[in-house]
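Containing mmCIF, C-alpha atoms: model-v7.cif.
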```
data_final
#
loop_
_atom_site.label_atom_id
_atom_site.label_comp_id
_atom_site.auth_asym_id
_atom_site.auth_seq_id
_atom_site.Cartn_x
_atom_site.Cartn_y
_atom_site.Cartn_z
CA MET A 78 -133.29 33.06 -22.80
CA PHE A 79 -136.63 31.37 -22.28
CA GLN A 80 -138.73 30.98 -19.18
CA PRO A 81 -138.94 27.56 -17.48
CA SER A 82 -141.92 25.48 -18.54
CA SER A 83 -142.68 21.80 -18.80
CA ILE A 84 -142.95 19.89 -22.07
CA PRO A 85 -146.23 20.89 -23.77
CA SER A 86 -149.08 18.43 -24.17
CA PRO A 87 -149.09 16.54 -27.50
CA ALA A 88 -151.37 17.70 -30.29
CA GLN A 89 -152.94 14.25 -30.60
CA PRO A 90 -153.65 11.67 -27.86
CA PRO A 91 -151.10 8.87 -27.49
CA GLU A 92 -151.97 5.29 -28.27
CA PRO A 93 -153.26 2.99 -25.52
CA ASP A 94 -150.77 0.62 -23.89
CA ASP A 95 -152.38 -2.40 -25.58
CA ALA A 96 -152.05 -0.99 -29.12
CA PRO A 97 -150.29 -3.28 -31.66
CA LEU A 98 -146.58 -2.85 -32.17
CA HIS A 99 -145.64 -0.69 -35.16
CA ILE A 100 -144.13 -2.66 -38.03
CA LEU A 101 -141.50 -0.51 -39.75
CA TRP A 102 -140.52 -3.08 -42.38
CA ARG A 103 -141.07 -6.78 -43.07
CA ASP A 104 -140.37 -9.52 -45.58
CA GLU A 105 -140.40 -13.31 -45.24
CA HIS A 106 -137.04 -13.32 -43.43
CA LEU A 107 -137.05 -10.49 -40.91
CA VAL A 108 -139.12 -7.73 -39.37
CA ALA A 109 -138.23 -4.31 -37.95
CA VAL A 110 -140.53 -2.90 -35.27
CA TYR A 111 -140.73 0.17 -33.06
CA LYS A 112 -140.14 -0.82 -29.43
CA PRO A 113 -141.90 1.47 -26.95
CA ALA A 114 -140.11 2.60 -23.80
CA GLY A 115 -141.08 0.49 -20.80
CA TRP A 116 -141.30 -2.77 -22.78
CA LEU A 117 -138.93 -5.70 -22.30
CA VAL A 118 -137.70 -7.51 -25.42
CA HIS A 119 -138.44 -10.88 -23.79
CA ARG A 120 -139.36 -12.35 -20.44
CA THR A 121 -136.71 -12.23 -17.72
CA GLY A 122 -136.57 -13.14 -14.06
CA LEU A 123 -134.99 -9.75 -13.35
CA ASP A 124 -138.34 -8.05 -13.94
CA ALA A 125 -140.85 -10.75 -13.04
CA HIS A 126 -143.78 -8.35 -12.63
CA GLU A 127 -143.58 -6.89 -16.16
CA THR A 128 -146.36 -7.88 -18.55
CA ARG A 129 -145.31 -6.24 -21.84
CA PHE A 130 -142.85 -8.16 -24.00
CA VAL A 131 -141.98 -7.44 -27.62
CA LEU A 132 -141.17 -11.07 -28.45
CA GLN A 133 -144.49 -12.51 -27.30
CA THR A 134 -146.60 -9.59 -28.53
CA LEU A 135 -145.03 -9.65 -31.98
CA ARG A 136 -145.41 -13.43 -32.22
CA ASP A 137 -149.12 -13.15 -31.49
CA GLN A 138 -149.49 -10.12 -33.76
CA LEU A 139 -147.84 -11.78 -36.78
CA GLY A 140 -149.07 -15.29 -36.08
CA CYS A 141 -145.61 -16.83 -36.43
CA HIS A 142 -142.47 -17.48 -34.43
CA VAL A 143 -139.96 -14.63 -34.15
CA TYR A 144 -136.29 -14.77 -33.16
CA PRO A 145 -134.54 -11.90 -31.34
CA ALA A 146 -131.25 -10.79 -32.90
CA HIS A 147 -130.37 -8.02 -30.44
CA ARG A 148 -131.96 -6.24 -27.52
CA LEU A 149 -132.81 -2.79 -26.23
CA ASP A 150 -133.02 -1.87 -22.55
CA LYS A 151 -136.46 -1.63 -21.02
CA GLY A 152 -136.33 2.18 -20.86
CA THR A 153 -134.98 2.61 -24.40
CA CYS A 154 -137.38 3.15 -27.29
CA GLY A 155 -136.78 2.79 -31.02
CA VAL A 156 -135.87 0.38 -33.80
CA LEU A 157 -135.66 -3.34 -33.02
CA VAL A 158 -135.02 -6.08 -35.62
CA MET A 159 -136.10 -9.71 -35.31
CA ALA A 160 -135.71 -12.72 -37.60
CA LEU A 161 -138.62 -14.83 -38.83
CA HIS A 162 -136.78 -18.15 -39.18
CA ALA A 163 -133.76 -19.86 -37.66
CA GLN A 164 -131.34 -19.36 -40.58
CA ALA A 165 -132.01 -15.63 -40.76
CA ALA A 166 -131.63 -15.44 -36.96
CA GLN A 167 -128.23 -17.14 -37.12
CA ARG A 168 -126.91 -14.84 -39.83
CA LEU A 169 -128.37 -11.76 -38.20
CA GLY A 170 -126.79 -12.75 -34.89
CA GLN A 171 -123.43 -13.17 -36.62
CA ALA A 172 -123.74 -9.69 -38.15
CA PHE A 173 -124.37 -8.12 -34.74
CA ALA A 174 -121.59 -10.15 -33.10
CA GLY A 175 -119.21 -9.24 -35.92
CA GLN A 176 -119.91 -5.52 -35.55
CA GLU A 177 -121.34 -5.37 -39.07
CA VAL A 178 -124.42 -3.39 -38.01
CA ARG A 179 -124.37 0.41 -37.78
CA LYS A 180 -126.50 1.67 -34.89
CA GLN A 181 -127.55 5.28 -34.37
CA TYR A 182 -128.96 6.52 -31.05
CA LEU A 183 -130.15 9.85 -29.69
CA ALA A 184 -129.63 10.77 -26.04
CA LEU A 185 -130.35 13.71 -23.77
CA VAL A 186 -127.39 14.19 -21.45
CA ARG A 187 -126.20 16.34 -18.58
CA GLY A 188 -124.06 19.37 -19.41
CA TRP A 189 -122.71 20.60 -22.72
CA LEU A 190 -120.94 17.79 -24.55
CA PRO A 191 -118.05 18.87 -26.83
CA ASP A 192 -118.80 18.85 -30.54
CA ALA A 193 -117.34 15.35 -30.97
CA VAL A 194 -115.98 12.76 -28.54
CA GLU A 195 -114.47 9.35 -29.30
CA VAL A 196 -114.80 7.02 -26.31
CA ASP A 197 -112.51 3.99 -26.19
CA HIS A 198 -113.17 2.57 -22.74
CA ALA A 199 -113.28 -1.16 -22.04
CA LEU A 200 -116.27 -2.43 -20.07
CA ARG A 201 -116.67 -5.40 -17.78
CA PRO A 202 -120.07 -7.15 -17.99
CA ASP A 203 -122.42 -6.02 -15.22
CA ASP A 204 -122.77 -9.52 -13.79
CA ALA A 205 -119.11 -10.54 -14.18
CA PRO A 206 -116.85 -11.15 -11.17
CA GLU A 207 -114.48 -8.38 -10.14
CA ASP A 208 -111.46 -10.16 -11.61
CA ALA A 209 -113.09 -10.71 -15.02
CA PRO A 210 -111.29 -8.95 -17.88
CA ALA A 211 -112.93 -5.88 -19.38
CA GLN A 212 -114.05 -6.10 -23.00
CA PRO A 213 -113.08 -3.51 -25.64
CA ALA A 214 -115.82 -0.93 -26.25
CA GLN A 215 -115.89 2.12 -28.53
CA THR A 216 -118.56 4.77 -29.05
CA SER A 217 -118.54 7.88 -31.23
CA LEU A 218 -120.45 10.81 -29.73
CA ARG A 219 -121.51 13.99 -31.51
CA CYS A 220 -123.31 16.93 -29.98
CA LEU A 221 -126.35 17.89 -32.05
CA ALA A 222 -127.70 20.77 -29.97
CA ARG A 223 -127.30 22.42 -26.56
CA LEU A 224 -129.79 24.04 -24.22
CA GLU A 225 -129.35 26.22 -21.14
CA TRP A 226 -132.29 26.02 -18.71
CA PRO A 227 -132.57 29.27 -16.67
CA GLU A 228 -132.82 27.55 -13.30
CA ALA A 229 -129.98 26.26 -11.18
CA PHE A 230 -129.80 22.65 -10.07
CA ASP A 231 -126.33 23.27 -8.68
CA PRO A 232 -126.20 26.50 -6.61
CA ARG A 233 -122.69 27.14 -7.93
CA HIS A 234 -124.16 27.87 -11.36
CA ALA A 235 -126.86 30.28 -12.53
CA ALA A 236 -128.41 27.84 -15.02
CA THR A 237 -128.51 24.13 -15.89
CA ARG A 238 -127.25 22.71 -19.16
CA ILE A 239 -128.22 19.72 -21.29
CA SER A 240 -127.20 18.41 -24.70
CA LEU A 241 -128.87 16.41 -27.44
CA VAL A 242 -126.33 13.82 -28.54
CA GLU A 243 -125.92 11.33 -31.38
CA ALA A 244 -124.25 8.10 -30.23
CA LEU A 245 -122.77 5.57 -32.66
CA PRO A 246 -121.58 2.46 -30.80
CA ALA A 247 -118.95 0.46 -32.68
CA THR A 248 -119.29 -2.45 -30.25
CA GLY A 249 -122.33 -3.88 -28.51
CA ARG A 250 -121.58 -4.18 -24.80
CA ARG A 251 -124.45 -4.14 -22.30
CA HIS A 252 -125.44 -0.57 -21.37
CA GLN A 253 -122.49 0.62 -23.48
CA ILE A 254 -123.86 4.05 -24.44
CA ARG A 255 -125.15 4.70 -20.93
CA ARG A 256 -121.84 3.67 -19.34
CA HIS A 257 -119.68 5.56 -21.85
CA LEU A 258 -121.65 8.77 -21.36
CA LYS A 259 -121.24 8.38 -17.61
CA HIS A 260 -117.50 7.79 -18.20
CA VAL A 261 -117.17 11.18 -19.93
CA ALA A 262 -119.21 12.88 -17.15
CA HIS A 263 -122.32 13.42 -19.31
CA PRO A 264 -124.78 10.79 -18.03
CA ILE A 265 -128.13 10.35 -19.74
CA ILE A 266 -131.00 12.22 -18.13
CA GLY A 267 -133.36 9.71 -16.51
CA ASP A 268 -130.77 6.92 -16.25
CA ALA A 269 -131.49 5.48 -12.82
CA THR A 270 -128.51 3.09 -12.94
CA HIS A 271 -125.70 5.14 -14.42
CA GLY A 272 -126.99 8.69 -13.95
CA LYS A 273 -127.55 11.05 -11.04
CA GLY A 274 -130.77 10.44 -9.07
CA PRO A 275 -131.28 13.99 -7.72
CA LEU A 276 -130.61 15.51 -11.15
CA ASN A 277 -132.94 13.01 -12.82
CA ARG A 278 -135.75 13.94 -10.43
CA TRP A 279 -135.05 17.66 -10.91
CA TRP A 280 -135.37 17.35 -14.68
CA ALA A 281 -138.43 15.11 -14.42
CA GLU A 282 -140.22 17.86 -12.47
CA ARG A 283 -139.39 20.44 -15.12
CA LEU A 284 -140.01 18.31 -18.18
CA GLY A 285 -143.09 16.67 -16.71
CA LEU A 286 -141.72 13.21 -17.56
CA GLN A 287 -139.80 10.54 -15.68
CA ARG A 288 -138.10 8.43 -18.33
CA LEU A 289 -134.78 7.32 -19.79
CA TRP A 290 -133.95 9.77 -22.59
CA LEU A 291 -132.34 7.25 -24.95
CA HIS A 292 -133.76 6.51 -28.41
CA ALA A 293 -132.56 3.85 -30.89
CA HIS A 294 -133.17 5.87 -34.03
CA ALA A 295 -131.78 3.72 -36.84
CA LEU A 296 -130.05 0.50 -37.86
CA GLU A 297 -128.08 -0.16 -41.03
CA LEU A 298 -127.19 -3.73 -42.01
CA ALA A 299 -126.97 -6.15 -44.91
CA HIS A 300 -130.01 -8.35 -45.44
CA PRO A 301 -129.10 -11.72 -43.87
CA MET A 302 -130.30 -13.71 -46.90
CA THR A 303 -129.75 -11.45 -49.93
CA GLY A 304 -126.97 -9.11 -48.81
CA GLU A 305 -129.06 -6.08 -49.81
CA PRO A 306 -128.15 -2.97 -47.76
CA LEU A 307 -131.01 -1.97 -45.47
CA ARG A 308 -131.66 1.03 -43.25
CA PHE A 309 -134.44 0.80 -40.67
CA GLU A 310 -135.36 4.15 -39.20
CA ALA A 311 -137.94 5.46 -36.77
CA ASP A 312 -139.75 8.09 -38.83
CA TRP A 313 -141.04 10.65 -36.33
CA GLN A 314 -143.39 12.13 -38.91
CA GLN A 315 -145.19 8.82 -39.42
CA LEU A 316 -145.09 7.84 -35.72
CA GLY A 317 -146.49 11.11 -34.41
CA HIS A 318 -149.23 9.36 -32.40
CA VAL A 319 -146.69 7.22 -30.47
CA ALA A 320 -146.15 8.52 -26.93
CA ASP A 321 -142.33 8.22 -27.06
CA VAL A 322 -142.16 10.20 -30.28
CA GLN A 323 -144.43 12.89 -28.83
CA HIS A 324 -142.07 13.15 -25.84
CA TRP A 325 -138.98 13.57 -28.02
CA ARG A 326 -140.53 16.01 -30.48
CA ALA A 327 -141.89 18.14 -27.63
CA LEU A 328 -138.48 18.11 -25.96
CA CYS A 329 -136.79 19.27 -29.15
CA ALA A 330 -139.45 21.96 -29.62
CA LEU A 331 -138.58 23.69 -26.35
CA PRO A 332 -137.27 27.21 -27.05
CA GLY A 333 -133.60 27.88 -26.49
CA TRP A 334 -131.93 24.98 -28.30
CA GLN A 335 -128.76 26.00 -30.10
CA ALA A 336 -127.72 23.77 -33.00
CA CYS A 337 -124.11 22.67 -33.26
CA ALA A 338 -122.15 22.62 -36.51
CA GLY A 339 -122.70 19.48 -38.57
CA LEU A 340 -126.23 18.63 -37.43
CA PRO A 341 -126.96 15.36 -39.34
CA ALA A 342 -129.81 15.11 -41.82
CA THR A 343 -131.62 12.56 -39.68
CA ALA A 344 -131.94 15.03 -36.81
CA ARG A 345 -132.42 18.37 -38.54
CA PRO A 346 -135.06 20.76 -37.22
CA ASP A 347 -138.16 21.56 -39.23
CA GLN A 348 -136.41 24.64 -40.54
CA THR A 349 -132.77 24.35 -41.55
CA ALA A 350 -130.56 25.69 -38.77
CA SER A 351 -126.98 26.81 -38.97
CA ALA A 352 -124.49 26.66 -36.11
CA GLY A 353 -125.70 28.80 -33.23
CA ALA A 354 -129.24 29.14 -34.58
CA PRO A 355 -132.22 28.15 -32.39
CA VAL A 356 -133.49 24.63 -32.90
CA SER A 357 -137.26 24.75 -33.06
CA GLY A 358 -137.66 20.97 -33.20
CA CYS A 359 -135.98 17.71 -34.17
CA SER A 360 -138.03 16.42 -37.06
CA ILE A 361 -136.42 13.11 -37.87
CA SER A 362 -137.33 11.86 -41.31
CA GLY A 363 -136.64 8.85 -43.49
CA ALA A 364 -137.82 5.27 -43.36
CA ALA A 365 -136.47 1.82 -44.05
CA THR A 366 -135.42 1.30 -47.62
#
```
In C-alpha cells, write the structure found in this file.
Amino acid sequence: MFQPSSIPSPAQPPEPDDAPLHILWRDEHLVAVYKPAGWLVHRTGLDAHETRFVLQTLRDQLGCHVYPAHRLDKGTCGVLVMALHAQAAQRLGQAFAGQEVRKQYLALVRGWLPDAVEVDHALRPDDAPEDAPAQPAQTSLRCLARLEWPEAFDPRHAATRISLVEALPATGRRHQIRRHLKHVAHPIIGDATHGKGPLNRWWAERLGLQRLWLHAHALELAHPMTGEPLRFEADWQQLGHVADVQHWRALCALPGWQACAGLPATARPDQTASAGAPVSGCSISGAAT
C-alpha cells in the first residue's frame, strides 16, 4: 500500500498553449494530428467563448484547407484524422460511418472494472426528442490495471478504487464510451456530464488535476485513396513534452497499480509486468505506419 500523494511534476516543462499542433503523419490526402485536451475540433455555438480550434489552427499551420472526418470531445485528447481534399474526406467519412475504422481509447474509471466487459446498449442522441428511437451501440472494455487509493471517498469503504481501461467502440455514437462506462457503473473520472461531480472533485484534489481522463490512443483504417492499412498512434515516448501525455504518464507511474492479465502491447509498463505485478508506468509505444 502506498501513501496518498498527488501526481508528481513533469520532468520537462509542458508546451505553451499556442504551440503548433503535433503532426503524427501526413501525405497529400490526409493528416493525423494530436488533439490536446481542452481544444474543440471546430467552432460551435455551444462553446462560443472558446478560442482554440483544431480545424482552423491546422489550416493555418499547413497553409491549406482541411476537412474533418470525425470528432473528439473537447476534454478528450489524442489522435485525430483529417482529410486534405474533398474526395478523401468523402471516402474517409464513409469509412467512419460504415464502422470500418478501429478506434482504441484509454480511460480512468471509478471502481474496479472486471477483466473484460462487452457493452451492447443502444443510445439516443443527446439532442433527440424523448420519443426518438435509440441507436445500436457496442463497446468492448478491457481492464488494464487497477489501483486502490488508501483514502475513503465513501465512508462505507476503507479505500477508493480506480481502473485503467481500454475501450474499443464498434459504433460511433456521441459520447458513446462515456455513456457506456456510466451504464456499467464505472464512469470516467473527470466526466462532468456523465460522471459523479463530488467524486470528480475528490480525485482532482488528490491527483492535482481537473480533467476528463479519456485518451484517443490509436486509429486503424484503410487509406481512403490507396487502400493501404494505416495505424495512427499517439507515441508517448515522442510526445513527452505534451502536457496531456505528462499527465497520463505521471498517473500511470503512481505506486500501487496492479496489472491485469492480458495487458496489451500498446499499454505495457516500462518493465514487463505479469498479472498482479505492480505497474510502474504506462509507456505507450509505436507510431503510425
Decode the PyMOL selection byres ((chain A and resi 333) around 6) for the given file into explicit residues and return them as a CSV table (one decimal) with C-alpha atoms, in the coordinates of the input.
```csv
chain,number,residue,atom,x,y,z
A,224,LEU,CA,-129.8,24.0,-24.2
A,332,PRO,CA,-137.3,27.2,-27.0
A,334,TRP,CA,-131.9,25.0,-28.3
```
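Coordinates place atom CA of Ala295 of chain A at a distance of 21.3 Å from atom CA of Pro264 of chain A.
Counting all atoms listed in the file and comparing A:Leu139, A:Leu132, A:Ala193, A:Ala293, the residue that lies closest to Asp312 of chain A is A:Ala293.
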Atom CA of Arg187 of chain A to atom CA of Arg326 of chain A: how many Å, to one decimal? 18.6 Å
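Closest approach to Met159 of chain A among A:Asp208, A:Asp104, A:Glu282, A:Asp268 is made by A:Asp104 (distances from only C-alpha atoms).
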For a quick check of your reading of the model, name the residues lying within 10 Å of the coordinate (-132.9, -12.7, -34.4), counting all atoms listed in the file, and write them as a ChimeraX atom specification. /A:106-108,143-148,157-171,173
May I have the residues at most 7 Å from (-131.7, 21.7, -18.6) in the file's coordinates, counting all atoms listed in the file, as a list in words? Leu224, Glu225, Trp226, Thr237, Arg238, Ile239 and Trp280 of chain A
Output for the residues just chosen: C-alpha atoms as a tab-separated table (two decimals), in the coordinates of the input:
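Listing of result37.tsv after writing:
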```
chain	number	residue	atom	x	y	z
A	224	LEU	CA	-129.79	24.04	-24.22
A	225	GLU	CA	-129.35	26.22	-21.14
A	226	TRP	CA	-132.29	26.02	-18.71
A	237	THR	CA	-128.51	24.13	-15.89
A	238	ARG	CA	-127.25	22.71	-19.16
A	239	ILE	CA	-128.22	19.72	-21.29
A	280	TRP	CA	-135.37	17.35	-14.68
```
Test item: the PyMOL selection byres ((chain A and resi 100) around 7) resolved as an MDAnalysis selection string: chainID A and resid 98:99 101:102 109:111
Applied to the shown file, which residues does the PyMOL selection byres ((chain A and resi 183) around 7) return, written as an MDAnalysis selection string? chainID A and resid 182 184 242:244 291:294
How about saving the chosen residues, C-alpha atoms kept, as a short mmCIF file (atom, residue, chain, number, x, y, z; two decimals), in the coordinates of the input?
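Listed below is the output, out-v6.cif:
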```cif
data_model
loop_
_atom_site.label_atom_id
_atom_site.label_comp_id
_atom_site.auth_asym_id
_atom_site.auth_seq_id
_atom_site.Cartn_x
_atom_site.Cartn_y
_atom_site.Cartn_z
CA TYR A 182 -128.96 6.52 -31.05
CA ALA A 184 -129.63 10.77 -26.04
CA VAL A 242 -126.33 13.82 -28.54
CA GLU A 243 -125.92 11.33 -31.38
CA ALA A 244 -124.25 8.10 -30.23
CA LEU A 291 -132.34 7.25 -24.95
CA HIS A 292 -133.76 6.51 -28.41
CA ALA A 293 -132.56 3.85 -30.89
CA HIS A 294 -133.17 5.87 -34.03
#
```
Counting only C-alpha atoms, the residue of A:Ala262, A:Gln138, A:Arg223, A:Val178 that sits nearest Val196 of chain A: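 With only C-alpha atoms as the atom set, the closest residue is A:Ala262.
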Tell me which of A:Gln133, A:Gln215, A:Gln314, A:Gln287 sits closest to Gln176 of chain A, counting all atoms listed in the file.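 Ranked by minimum distance to Gln176 of chain A, first place goes to A:Gln215.
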Close residues, Ile265 of chain A itself excluded, 12 Å, all atoms listed in the file, min 5 positions apart in chain, as number ranges by chain: A: 152-153, 182-190, 239-244, 252-260, 270-274, 276-277, 280, 288-292
Two-atom distance - atom CA of Asp150 of chain A, atom CA of Gly115 of chain A (Å): 8.6 Å
Which residue gives the smallest distance to His324 of chain A among A:Leu307, A:Ala269, A:Ala114, A:Cys220, with all atoms listed in the file counted?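 That would be A:Ala114, the residue with the smallest distance to His324 of chain A.
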Residue nearest Leu218 of chain A - candidates A:Pro206, A:Pro275, A:Pro232, A:Pro191, atoms counted: all atoms listed in the file: A:Pro191
